[in-house]
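S.K.: Following this line is structure.cif, made up of mmCIF, C-alpha atoms and all ligand atoms:
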```cif
data_entry
loop_
_atom_site.label_atom_id
_atom_site.label_comp_id
_atom_site.auth_asym_id
_atom_site.auth_seq_id
_atom_site.Cartn_x
_atom_site.Cartn_y
_atom_site.Cartn_z
CA MET A 914 -9.12 8.68 -22.50
CA THR A 915 -8.08 5.08 -23.01
CA ASP A 916 -5.74 6.31 -25.81
CA MET A 917 -3.55 7.75 -23.07
CA THR A 918 -0.79 5.28 -22.30
CA LEU A 919 1.20 5.42 -19.08
CA ARG A 920 4.23 6.61 -21.07
CA ARG A 921 2.28 9.50 -22.65
CA TYR A 922 0.72 10.39 -19.29
CA LEU A 923 4.14 10.55 -17.65
CA THR A 924 5.88 12.41 -20.46
CA GLN A 925 3.07 15.03 -20.60
CA SER A 926 3.61 15.74 -16.90
CA ALA A 927 6.33 18.04 -15.63
CA LEU A 928 8.18 15.16 -13.96
CA ASP A 929 11.96 14.75 -13.88
CA PRO A 930 12.85 12.39 -16.77
CA ASN A 931 14.81 10.22 -14.32
CA LEU A 932 11.64 9.72 -12.28
CA ILE A 933 9.77 8.80 -15.49
CA PHE A 934 12.43 6.15 -16.27
CA LEU A 935 12.02 4.76 -12.77
CA LEU A 936 8.22 4.71 -12.94
CA GLU A 937 8.37 2.94 -16.29
CA ASP A 938 10.74 0.37 -14.79
CA ILE A 939 8.37 -0.13 -11.85
CA ALA A 940 5.45 -0.62 -14.25
CA SER A 941 7.52 -3.13 -16.25
CA SER A 942 8.36 -5.02 -13.04
CA CYS A 943 4.65 -5.25 -12.26
CA ARG A 944 3.87 -6.54 -15.76
CA VAL A 945 6.51 -9.26 -15.39
CA ILE A 946 5.32 -10.16 -11.88
CA ALA A 947 1.73 -10.41 -13.17
CA ASP A 948 2.92 -13.09 -15.63
CA HIS A 949 4.69 -15.02 -12.85
CA VAL A 950 1.56 -14.84 -10.69
CA ARG A 951 -0.64 -16.01 -13.58
CA ASN A 952 1.74 -18.86 -14.46
CA GLY A 953 2.53 -19.80 -10.85
CA ALA A 954 1.24 -23.37 -11.17
CA PHE A 955 3.20 -24.02 -14.42
CA GLU A 956 6.43 -22.50 -13.18
CA GLY A 957 6.22 -24.41 -9.87
CA ASN A 958 5.95 -21.14 -7.96
CA LEU A 959 2.93 -21.70 -5.77
CA GLY A 960 3.46 -22.55 -2.12
CA SER A 961 6.10 -21.66 0.43
CA ALA A 962 9.80 -21.08 -0.24
CA ASN A 963 10.82 -22.72 3.09
CA ALA A 964 12.35 -19.40 4.11
CA THR A 965 11.40 -16.57 6.46
CA ASN A 966 11.90 -12.85 5.95
CA ILE A 967 13.08 -10.21 8.44
CA GLN A 968 9.53 -9.98 9.82
CA GLY A 969 9.67 -13.69 10.72
CA GLU A 970 7.01 -14.42 8.10
CA THR A 971 7.10 -17.43 5.82
CA GLN A 972 8.12 -16.33 2.35
CA LYS A 973 6.32 -17.64 -0.68
CA THR A 974 8.40 -18.49 -3.72
CA LEU A 975 6.62 -15.67 -5.54
CA ASP A 976 7.48 -13.14 -2.79
CA ILE A 977 11.17 -13.74 -3.54
CA LEU A 978 10.71 -13.89 -7.29
CA ALA A 979 8.74 -10.61 -7.29
CA ASN A 980 11.45 -8.96 -5.19
CA ASP A 981 14.13 -10.16 -7.62
CA GLU A 982 12.22 -8.82 -10.63
CA PHE A 983 11.91 -5.36 -9.03
CA GLU A 984 15.65 -5.40 -8.24
CA ARG A 985 16.64 -6.61 -11.71
CA ILE A 986 14.42 -4.26 -13.71
CA CYS A 987 14.64 -1.10 -11.57
CA ALA A 988 18.44 -1.33 -11.32
CA ASN A 989 18.35 0.04 -14.91
CA SER A 990 17.21 3.43 -13.63
CA PRO A 991 20.35 5.60 -13.62
CA HIS A 992 19.34 7.79 -10.67
CA LEU A 993 17.90 5.10 -8.42
CA ALA A 994 20.19 5.07 -5.37
CA ALA A 995 18.62 2.48 -3.07
CA LEU A 996 15.90 -0.11 -2.63
CA VAL A 997 13.99 -0.84 0.58
CA SER A 998 12.03 -4.09 0.20
CA GLU A 999 9.80 -6.03 2.57
CA GLU A 1000 11.76 -9.15 1.64
CA VAL A 1001 15.29 -7.81 2.23
CA GLU A 1002 16.54 -6.93 5.70
CA GLU A 1003 19.17 -4.34 4.75
CA VAL A 1004 18.82 -1.36 2.43
CA THR A 1005 20.22 -2.26 -1.02
CA TRP A 1006 22.47 0.56 -2.30
CA LEU A 1007 22.91 0.70 -6.06
CA LYS A 1008 25.18 3.76 -6.21
CA ASP A 1009 26.77 6.47 -4.10
CA PRO A 1010 23.80 8.68 -3.23
CA GLU A 1011 23.68 12.18 -4.71
CA ALA A 1012 21.13 14.89 -3.90
CA GLY A 1013 17.97 14.30 -5.92
CA ASP A 1014 18.62 10.59 -6.52
CA TYR A 1015 15.63 8.35 -5.91
CA LEU A 1016 14.87 5.87 -3.12
CA LEU A 1017 12.39 3.09 -3.90
CA TYR A 1018 10.36 1.45 -1.12
CA PHE A 1019 8.30 -1.58 -2.10
CA ASP A 1020 6.24 -4.54 -1.03
CA PRO A 1021 6.95 -6.86 -3.99
CA LEU A 1022 3.89 -9.03 -3.40
CA ASP A 1023 1.16 -7.95 -1.02
CA GLY A 1024 -1.49 -10.36 0.22
CA SER A 1025 0.64 -13.34 -0.72
CA SER A 1026 -1.45 -15.68 1.46
CA ASN A 1027 -4.01 -15.24 -1.34
CA LEU A 1028 -1.76 -16.77 -4.00
CA ASP A 1029 -2.56 -20.42 -3.49
CA VAL A 1030 -6.31 -19.68 -3.36
CA ASN A 1031 -6.19 -17.62 -6.58
CA LEU A 1032 -7.45 -14.33 -5.15
CA SER A 1033 -6.21 -10.82 -5.85
CA VAL A 1034 -2.68 -9.86 -4.80
CA GLY A 1035 -0.63 -6.78 -5.63
CA SER A 1036 2.62 -4.83 -5.40
CA ILE A 1037 2.96 -1.52 -3.49
CA PHE A 1038 5.63 1.14 -3.97
CA ALA A 1039 6.69 4.66 -2.96
CA VAL A 1040 9.51 6.90 -4.13
CA MET A 1041 11.43 9.49 -2.09
CA GLN A 1042 14.59 11.46 -2.81
CA VAL A 1043 18.10 11.63 -1.36
CA GLN A 1044 18.38 14.93 0.53
CA SER A 1045 22.08 15.71 -0.02
CA ASP A 1046 25.19 14.18 -1.58
CA GLY A 1047 26.37 11.13 0.39
CA ASP A 1048 23.23 11.03 2.59
CA ARG A 1049 22.37 7.38 3.26
CA ASN A 1050 19.33 8.11 5.42
CA VAL A 1051 16.26 6.36 4.00
CA LEU A 1052 14.00 7.01 6.99
CA HIS A 1053 11.98 10.01 5.84
CA LYS A 1054 8.38 10.82 6.70
CA GLY A 1055 5.73 9.80 4.18
CA ARG A 1056 5.07 13.50 3.46
CA TYR A 1057 8.35 13.45 1.50
CA GLN A 1058 7.10 10.80 -0.95
CA VAL A 1059 7.24 12.17 -4.49
CA CYS A 1060 4.94 9.47 -5.78
CA ALA A 1061 3.24 6.28 -4.67
CA GLY A 1062 1.28 3.53 -6.31
CA TYR A 1063 0.37 -0.09 -6.57
CA ALA A 1064 -0.35 -2.79 -9.10
CA ILE A 1065 -3.30 -5.10 -8.58
CA TYR A 1066 -3.11 -8.61 -10.03
CA GLY A 1067 -6.85 -9.23 -10.22
CA PRO A 1068 -9.27 -10.11 -13.02
CA SER A 1069 -7.39 -7.38 -14.89
CA LEU A 1070 -3.91 -6.01 -14.24
CA MET A 1071 -4.05 -2.39 -13.12
CA PHE A 1072 -1.40 0.15 -12.20
CA VAL A 1073 -2.58 2.95 -9.91
CA LEU A 1074 -0.37 5.98 -9.42
CA THR A 1075 -0.22 9.39 -7.80
CA VAL A 1076 2.58 11.82 -8.42
CA GLY A 1077 0.75 14.32 -6.19
CA GLY A 1078 -2.56 15.75 -7.38
CA LYS A 1079 -4.76 13.19 -9.05
CA VAL A 1080 -4.79 9.43 -8.51
CA ALA A 1081 -4.79 7.77 -11.93
CA GLY A 1082 -5.60 4.15 -12.75
CA PHE A 1083 -4.19 2.40 -15.84
CA THR A 1084 -5.44 -0.98 -17.07
CA CYS A 1085 -3.06 -3.30 -18.89
CA GLN A 1086 -4.51 -4.07 -22.29
CA HIS A 1087 -4.22 -7.75 -23.07
CA GLY A 1088 -2.39 -8.14 -26.38
CA THR A 1089 -0.46 -4.86 -26.55
CA GLY A 1090 0.63 -5.03 -22.93
CA ASP A 1091 0.13 -1.23 -22.73
CA PHE A 1092 -1.04 0.38 -19.52
CA ARG A 1093 -3.88 2.67 -20.65
CA LEU A 1094 -5.56 5.37 -18.60
CA THR A 1095 -9.00 4.00 -17.70
CA HIS A 1096 -9.56 5.73 -14.30
CA PRO A 1097 -8.24 9.31 -14.68
CA ASP A 1098 -9.31 10.74 -11.32
CA MET A 1099 -9.95 8.11 -8.66
CA LYS A 1100 -11.69 9.51 -5.57
CA VAL A 1101 -12.66 8.08 -2.20
CA PRO A 1102 -16.30 8.99 -1.56
CA ALA A 1103 -16.46 11.08 1.65
CA GLU A 1104 -19.15 8.92 3.26
CA THR A 1105 -19.38 5.15 3.33
CA SER A 1106 -21.31 2.27 4.84
CA GLU A 1107 -18.65 -0.40 4.30
CA PHE A 1108 -15.79 -1.34 6.62
CA ALA A 1109 -12.89 -3.79 6.34
CA ILE A 1110 -11.16 -5.32 9.35
CA ASN A 1111 -10.06 -8.83 10.35
CA THR A 1112 -12.82 -9.46 12.91
CA SER A 1113 -11.22 -12.72 14.08
CA ARG A 1114 -8.98 -10.41 16.15
CA TYR A 1115 -11.96 -8.89 18.04
CA ARG A 1116 -10.75 -10.25 21.38
CA TYR A 1117 -7.46 -8.34 21.02
CA TRP A 1118 -8.96 -4.97 20.03
CA ASP A 1119 -8.82 -1.77 22.06
CA ALA A 1120 -12.06 -0.09 23.20
CA PRO A 1121 -12.23 2.55 20.37
CA VAL A 1122 -12.04 -0.11 17.64
CA ARG A 1123 -14.60 -2.34 19.38
CA ARG A 1124 -16.90 0.65 19.79
CA TYR A 1125 -16.64 1.59 16.13
CA VAL A 1126 -17.23 -1.94 14.81
CA ASP A 1127 -19.99 -2.69 17.34
CA GLU A 1128 -21.80 0.47 16.20
CA CYS A 1129 -21.45 -0.52 12.51
CA VAL A 1130 -22.71 -4.04 13.22
CA ALA A 1131 -25.69 -2.68 15.21
CA GLY A 1132 -26.96 -1.14 11.94
CA GLU A 1133 -30.31 0.72 11.89
CA GLU A 1134 -31.02 -0.24 15.50
CA GLY A 1135 -27.79 1.35 16.73
CA VAL A 1136 -26.45 4.90 17.00
CA ARG A 1137 -25.42 4.96 13.31
CA LEU A 1138 -29.06 4.52 12.25
CA ARG A 1139 -28.06 2.69 9.07
CA SER A 1140 -26.77 -0.70 7.92
CA PHE A 1141 -23.09 -1.34 7.20
CA ASN A 1142 -21.52 -3.92 4.96
CA MET A 1143 -18.22 -5.69 5.74
CA ARG A 1144 -15.43 -7.03 3.48
CA TRP A 1145 -12.03 -8.59 4.25
CA THR A 1146 -9.84 -9.89 1.45
CA ALA A 1147 -6.53 -10.23 3.41
CA SER A 1148 -4.82 -8.24 0.62
CA MET A 1149 -4.34 -4.56 1.43
CA VAL A 1150 -4.02 -3.72 -2.26
CA ALA A 1151 -7.42 -5.26 -3.00
CA GLU A 1152 -9.00 -3.45 -0.02
CA ILE A 1153 -7.57 -0.07 -1.08
CA HIS A 1154 -8.59 -0.61 -4.69
CA ARG A 1155 -12.16 -1.30 -3.56
CA ILE A 1156 -12.13 1.83 -1.35
CA LEU A 1157 -10.87 3.94 -4.28
CA THR A 1158 -13.69 2.54 -6.39
CA ARG A 1159 -16.73 2.64 -4.09
CA GLY A 1160 -15.55 4.02 -0.73
CA GLY A 1161 -15.09 2.36 2.63
CA VAL A 1162 -12.75 2.30 5.57
CA PHE A 1163 -9.87 -0.13 6.19
CA LEU A 1164 -8.44 -0.88 9.61
CA TYR A 1165 -5.43 -2.85 10.74
CA PRO A 1166 -5.19 -1.33 14.22
CA ALA A 1167 -2.72 -1.91 17.01
CA ASP A 1168 -4.19 -4.54 19.35
CA SER A 1169 -3.09 -6.44 22.45
CA ASN A 1170 -1.60 -9.18 20.27
CA ASN A 1171 0.47 -7.02 17.89
CA ARG A 1172 1.18 -3.91 20.01
CA ASN A 1173 4.71 -4.97 20.96
CA ALA A 1174 5.53 -5.20 17.25
CA GLY A 1175 3.95 -1.76 16.65
CA GLY A 1176 1.00 -3.13 14.63
CA LYS A 1177 0.87 -5.39 11.58
CA LEU A 1178 1.43 -3.33 8.45
CA ARG A 1179 4.80 -1.87 7.54
CA LEU A 1180 5.16 1.92 7.43
CA MET A 1181 7.65 2.48 4.61
CA TYR A 1182 6.19 0.23 1.90
CA GLU A 1183 2.56 -0.43 2.90
CA ALA A 1184 1.10 2.31 5.12
CA ASN A 1185 2.93 5.35 3.67
CA PRO A 1186 2.25 4.71 -0.04
CA MET A 1187 -1.40 3.83 0.59
CA ALA A 1188 -1.80 6.87 2.86
CA MET A 1189 -0.50 9.18 0.12
CA ILE A 1190 -2.84 7.64 -2.46
CA ILE A 1191 -5.85 7.82 -0.14
CA GLU A 1192 -5.13 11.45 0.87
CA GLN A 1193 -4.67 12.50 -2.77
CA ALA A 1194 -8.01 10.82 -3.54
CA GLY A 1195 -9.76 12.90 -0.86
CA GLY A 1196 -9.68 10.36 1.98
CA ALA A 1197 -7.73 10.28 5.25
CA ALA A 1198 -5.10 8.00 6.82
CA SER A 1199 -4.24 7.85 10.52
CA THR A 1200 -2.93 5.58 13.25
CA GLY A 1201 -5.95 6.71 15.30
CA HIS A 1202 -3.79 9.44 16.84
CA THR A 1203 -1.33 10.64 14.17
CA PRO A 1204 -1.61 11.09 10.40
CA ILE A 1205 0.34 8.20 8.87
CA LEU A 1206 2.31 10.59 6.64
CA ASP A 1207 3.61 12.53 9.67
CA ILE A 1208 5.17 9.55 11.45
CA ALA A 1209 8.95 9.91 11.90
CA PRO A 1210 10.24 6.45 10.96
CA THR A 1211 12.59 4.52 13.24
CA GLY A 1212 13.44 1.59 10.95
CA PRO A 1213 12.91 0.37 7.39
CA HIS A 1214 10.61 -2.45 8.49
CA GLN A 1215 8.75 -0.55 11.22
CA ARG A 1216 5.11 -1.53 11.72
CA VAL A 1217 2.30 0.93 12.45
CA PRO A 1218 -1.46 0.87 13.16
CA VAL A 1219 -3.43 1.78 10.03
CA ILE A 1220 -6.88 3.34 9.66
CA LEU A 1221 -7.63 4.76 6.22
CA GLY A 1222 -10.39 5.45 3.75
CA SER A 1223 -13.46 7.68 3.64
CA ARG A 1224 -12.75 10.87 5.56
CA SER A 1225 -15.84 10.96 7.79
CA GLU A 1226 -15.26 7.41 9.08
CA VAL A 1227 -11.53 7.94 9.71
CA GLU A 1228 -12.36 11.16 11.58
CA ARG A 1229 -14.94 9.31 13.68
CA LEU A 1230 -12.32 6.69 14.58
CA ILE A 1231 -9.79 9.41 15.51
CA THR A 1232 -12.43 10.98 17.80
CA TYR A 1233 -13.06 7.62 19.47
CA HIS A 1234 -9.30 7.15 20.02
CA THR A 1235 -8.87 10.68 21.39
CA THR A 1236 -11.86 10.31 23.73
CA GLU A 1237 -10.52 7.00 25.02
CA ARG A 1238 -7.08 8.46 25.68
CA ALA A 1239 -8.58 11.49 27.49
CA THR A 1240 -10.78 9.23 29.65
CA ALA A 1241 -7.82 7.01 30.55
CA GLN A 1242 -5.76 9.98 31.82
P1 LIG B 1 2.07 -9.35 2.90
O1 LIG B 1 1.43 -10.42 2.08
O2 LIG B 1 2.88 -8.37 2.09
O3 LIG B 1 2.82 -9.88 4.10
O4 LIG B 1 0.91 -8.40 3.49
C1 LIG B 1 -0.25 -8.95 4.06
C2 LIG B 1 -0.94 -7.88 4.84
C3 LIG B 1 -1.98 -7.08 4.11
O5 LIG B 1 -1.96 -7.13 2.73
C4 LIG B 1 -3.30 -7.60 4.63
O6 LIG B 1 -4.16 -6.51 4.78
C5 LIG B 1 -2.96 -8.24 5.94
O7 LIG B 1 -1.60 -8.51 5.93
C6 LIG B 1 -3.73 -9.50 6.15
O8 LIG B 1 -3.68 -9.81 7.47
P2 LIG B 1 -4.47 -11.07 8.12
O9 LIG B 1 -3.57 -12.24 7.94
O10 LIG B 1 -4.66 -10.68 9.57
O11 LIG B 1 -5.79 -11.23 7.41
MN MN B 2 2.01 -6.49 2.24
MN MN B 3 4.51 -8.73 0.74
#
```
For this file, produce the structure as structure tokens.
Ligand code: AHG
Ligand code: MN
Ligand code: MN
M.R.:
Amino acid sequence: MTDMTLRRYLTQSALDPNLIFLLEDIASSCRVIADHVRNGAFEGNLGSANATNIQGETQKTLDILANDEFERICANSPHLAALVSEEVEEVTWLKDPEAGDYLLYFDPLDGSSNLDVNLSVGSIFAVMQVQSDGDRNVLHKGRYQVCAGYAIYGPSLMFVLTVGGKVAGFTCQHGTGDFRLTHPDMKVPAETSEFAINTSRYRYWDAPVRRYVDECVAGEEGVRLRSFNMRWTASMVAEIHRILTRGGVFLYPADSNNRNAGGKLRLMYEANPMAMIIEQAGGAASTGHTPILDIAPTGPHQRVPVILGSRSEVERLITYHTTERATAQ
């Protein structure tokens, strides 16, 4: 299986050649970004860039560099019409849009607070298509994604992709630089005893989230009758990669501190791509009330509550949210 390179995998599929060009350009961007991340200390790229992005967040030098590499490399794709990046306020149009052209949504560097402490970071992307000639609307539901994926810059560089159907993981082979298929059919186990949430926000949480986490923490003595483990890496890519490997549930819910902003994570380039990957791997992704992929977007940088991972746990959280809403009415 490891003889299967990303290029062979893509060319053996029935994908539009223009989408293959784009996916190869995305993979090349990730390879180049991995080198910048690895060499951050030598290239003077650790630390803050003394700039803020549209979300009001401090940008790291590598956030900007990673964005620029995506722009530079993917601009080679002849049918890529526009880029929507976490680090750029406006949509970047590369050509007059024609029906079937591609739209690329990406988080150039996810978990960038982890850079200076040398923990895993990643890049997240999704691709959608222009609906008709001249159509400059980029705000489509996640259900319209034609593919989604991420790169994880961890102990090894991996590129994880779904074009619908299976979720495939490719590991970059040191030396050749090839992405080789090492994880042909990544699945989220249906059941789990591991959850991921930033518990320092406990005081802000709504009742359904408190109930869920309290019940996990109560372990064998509580209603769940079993022990749970907890992880939080502050890098969504690393959390999702762990969930695709051994199961689990990830929450970044709306809470009293982030509700006015809509939540924390961004719909178009964080929640939607990860939701597609998790659903294709047999898991589920919801706000607590609505499947992430069915949200009608209102802006390119819109934030949403995110609950995703093993199906039974996500369904339990949806039930708790529904019960709470019914009780409140
Ligand atoms: P980014 O680095 O692209 O801004 O994303 C960070 C996100 C996500 O990766 C992670 O799950 C979350 O923010 C971490 O939030 P906390 O700071 O609350 O831990
Ligand atoms: Mn991010
Ligand atoms: Mn980012």
S.K.: Let me make sure I understand: among A:Val945, A:Leu959, A:Val997, A:Leu1032, which one has the smallest atom-to-atom distance to Tyr1015 of chain A if we use only C-alpha atoms?
M.R.: A:Val997
S.K.: Return as a Markdown table the residues of chain A lying at most 10 Å from ligand LIG 1 (chain B), together with the closest atom-to-atom pair for each and the distance in Å to one decimal, counting all atoms listed in the file, with rows in chain order and ascending residue number.
M.R.:
```
| residue | atom | partner | partner_atom | distance |
| --- | --- | --- | --- | --- |
| A:Asn966 | CA | B:LIG1 | O3 | 9.7 |
| A:Gln968 | CA | B:LIG1 | O3 | 8.8 |
| A:Glu970 | CA | B:LIG1 | O3 | 7.4 |
| A:Thr971 | CA | B:LIG1 | O3 | 8.8 |
| A:Gln972 | CA | B:LIG1 | O3 | 8.5 |
| A:Lys973 | CA | B:LIG1 | O1 | 9.1 |
| A:Asp976 | CA | B:LIG1 | O1 | 8.2 |
| A:Glu999 | CA | B:LIG1 | O2 | 7.3 |
| A:Glu1000 | CA | B:LIG1 | O2 | 8.9 |
| A:Phe1019 | CA | B:LIG1 | O2 | 9.6 |
| A:Asp1020 | CA | B:LIG1 | O2 | 6.0 |
| A:Pro1021 | CA | B:LIG1 | O2 | 7.5 |
| A:Leu1022 | CA | B:LIG1 | O2 | 5.6 |
| A:Asp1023 | CA | B:LIG1 | O2 | 3.6 |
| A:Gly1024 | CA | B:LIG1 | O1 | 3.5 |
| A:Ser1025 | CA | B:LIG1 | O1 | 4.1 |
| A:Ser1026 | CA | B:LIG1 | O1 | 6.0 |
| A:Asn1027 | CA | B:LIG1 | O1 | 8.0 |
| A:Leu1028 | CA | B:LIG1 | O1 | 9.4 |
| A:Val1034 | CA | B:LIG1 | O1 | 8.0 |
| A:Gly1035 | CA | B:LIG1 | O5 | 8.5 |
| A:Ser1036 | CA | B:LIG1 | O2 | 8.3 |
| A:Ile1037 | CA | B:LIG1 | O2 | 8.8 |
| A:Ala1109 | CA | B:LIG1 | O6 | 9.3 |
| A:Ile1110 | CA | B:LIG1 | O11 | 8.2 |
| A:Asn1111 | CA | B:LIG1 | O11 | 5.7 |
| A:Thr1112 | CA | B:LIG1 | O10 | 8.9 |
| A:Ser1113 | CA | B:LIG1 | O10 | 8.2 |
| A:Arg1114 | CA | B:LIG1 | O10 | 7.9 |
| A:Trp1145 | CA | B:LIG1 | O11 | 7.5 |
| A:Thr1146 | CA | B:LIG1 | O11 | 7.3 |
| A:Ala1147 | CA | B:LIG1 | C6 | 4.0 |
| A:Ser1148 | CA | B:LIG1 | O5 | 3.7 |
| A:Met1149 | CA | B:LIG1 | O5 | 3.7 |
| A:Val1150 | CA | B:LIG1 | O5 | 6.4 |
| A:Ala1151 | CA | B:LIG1 | O5 | 8.1 |
| A:Glu1152 | CA | B:LIG1 | O6 | 7.5 |
| A:Ile1153 | CA | B:LIG1 | O6 | 9.4 |
| A:Phe1163 | CA | B:LIG1 | O6 | 8.7 |
| A:Leu1164 | CA | B:LIG1 | O6 | 8.6 |
| A:Tyr1165 | CA | B:LIG1 | O6 | 7.1 |
| A:Lys1177 | CA | B:LIG1 | O7 | 6.9 |
| A:Leu1178 | CA | B:LIG1 | C2 | 6.3 |
| A:Arg1179 | CA | B:LIG1 | O4 | 8.6 |
| A:Tyr1182 | CA | B:LIG1 | O2 | 9.2 |
| A:Glu1183 | CA | B:LIG1 | O2 | 8.0 |
| A:Ala1184 | CA | B:LIG1 | C3 | 9.9 |
| A:Val1219 | CA | B:LIG1 | O6 | 9.8 |
```
S.K.: Rank nothing, just name the residue among A:Ala940, A:Leu1180, A:Val1101, A:Ile1190 nearest to Val1059 of chain A, using only C-alpha atoms.
M.R.: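 Going through A:Ala940, A:Leu1180, A:Val1101, A:Ile1190 one by one, the smallest distance to Val1059 of chain A is for A:Ile1190.
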S.K.: Given all atoms listed in the file as the basis, pick out the residue of A:Pro1097, A:Leu932, A:Met1181, A:Cys1085 nearest to ligand MN 2 (chain B).
M.R.: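 Comparing A:Pro1097, A:Leu932, A:Met1181, A:Cys1085 against ligand MN 2 (chain B), the winner is A:Met1181.
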S.K.: Which is closest to ligand MN 3 (chain B) among A:Leu975, A:Leu919, A:Ile1065, A:Ala954, if we use only C-alpha atoms and all ligand atoms?
M.R.: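 Closest residue, counting only C-alpha atoms and all ligand atoms: A:Leu975.
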S.K.: Could you please determine the separation between atom CA of Ala1131 of chain A and atom CA of Arg1144 of chain A in Å, to one decimal place?
M.R.: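 Pair atom CA of Ala1131 of chain A / atom CA of Arg1144 of chain A returns 16.2 Å.
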S.K.: Just the residues within 12 Å of Ala1167 of chain A, please, counting all atoms listed in the file, with nothing from its chain fewer than 3 positions along; format it as a list in words.
M.R.: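 Listed by chain and then number, they are Ile1110, Arg1114, Tyr1115, Tyr1117, Trp1118, Asp1119, Ala1120, Pro1121, Val1122, Leu1164, Asn1170, Asn1171, Arg1172, Asn1173, Ala1174, Gly1175, Gly1176, Lys1177, Leu1178, Ser1199, Thr1200, Gly1201, His1202, Arg1216, Val1217, Pro1218, Val1219, Ile1220 and His1234 of chain A.
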S.K.: Mind giving me the straight-line distance from atom CA of Gly953 of chain A to atom CA of Asp981 of chain A in Å, one decimal?
M.R.: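 About the pair atom CA of Gly953 of chain A and atom CA of Asp981 of chain A: they are 15.4 Å apart.
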S.K.: What is the atom CA of Met917 of chain A to atom CA of His1096 of chain A distance in Å?
M.R.: 10.8 Å
S.K.: Restricting the calculation to only C-alpha atoms and all ligand atoms: of A:Pro1186, A:Pro1102, A:Gly1055, A:Gly1090, which residue gets closest to ligand MN 2 (chain B)?
M.R.: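 Between A:Pro1186, A:Pro1102, A:Gly1055, A:Gly1090, the residue approaching ligand MN 2 (chain B) most closely is A:Pro1186.
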S.K.: Nearest to Gly1195 of chain A: which of A:Leu1230, A:Met1099, A:Ala927, A:Ala1241 is it, counting only C-alpha atoms?
M.R.: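 Among A:Leu1230, A:Met1099, A:Ala927, A:Ala1241, it is A:Met1099 that comes nearest to Gly1195 of chain A.
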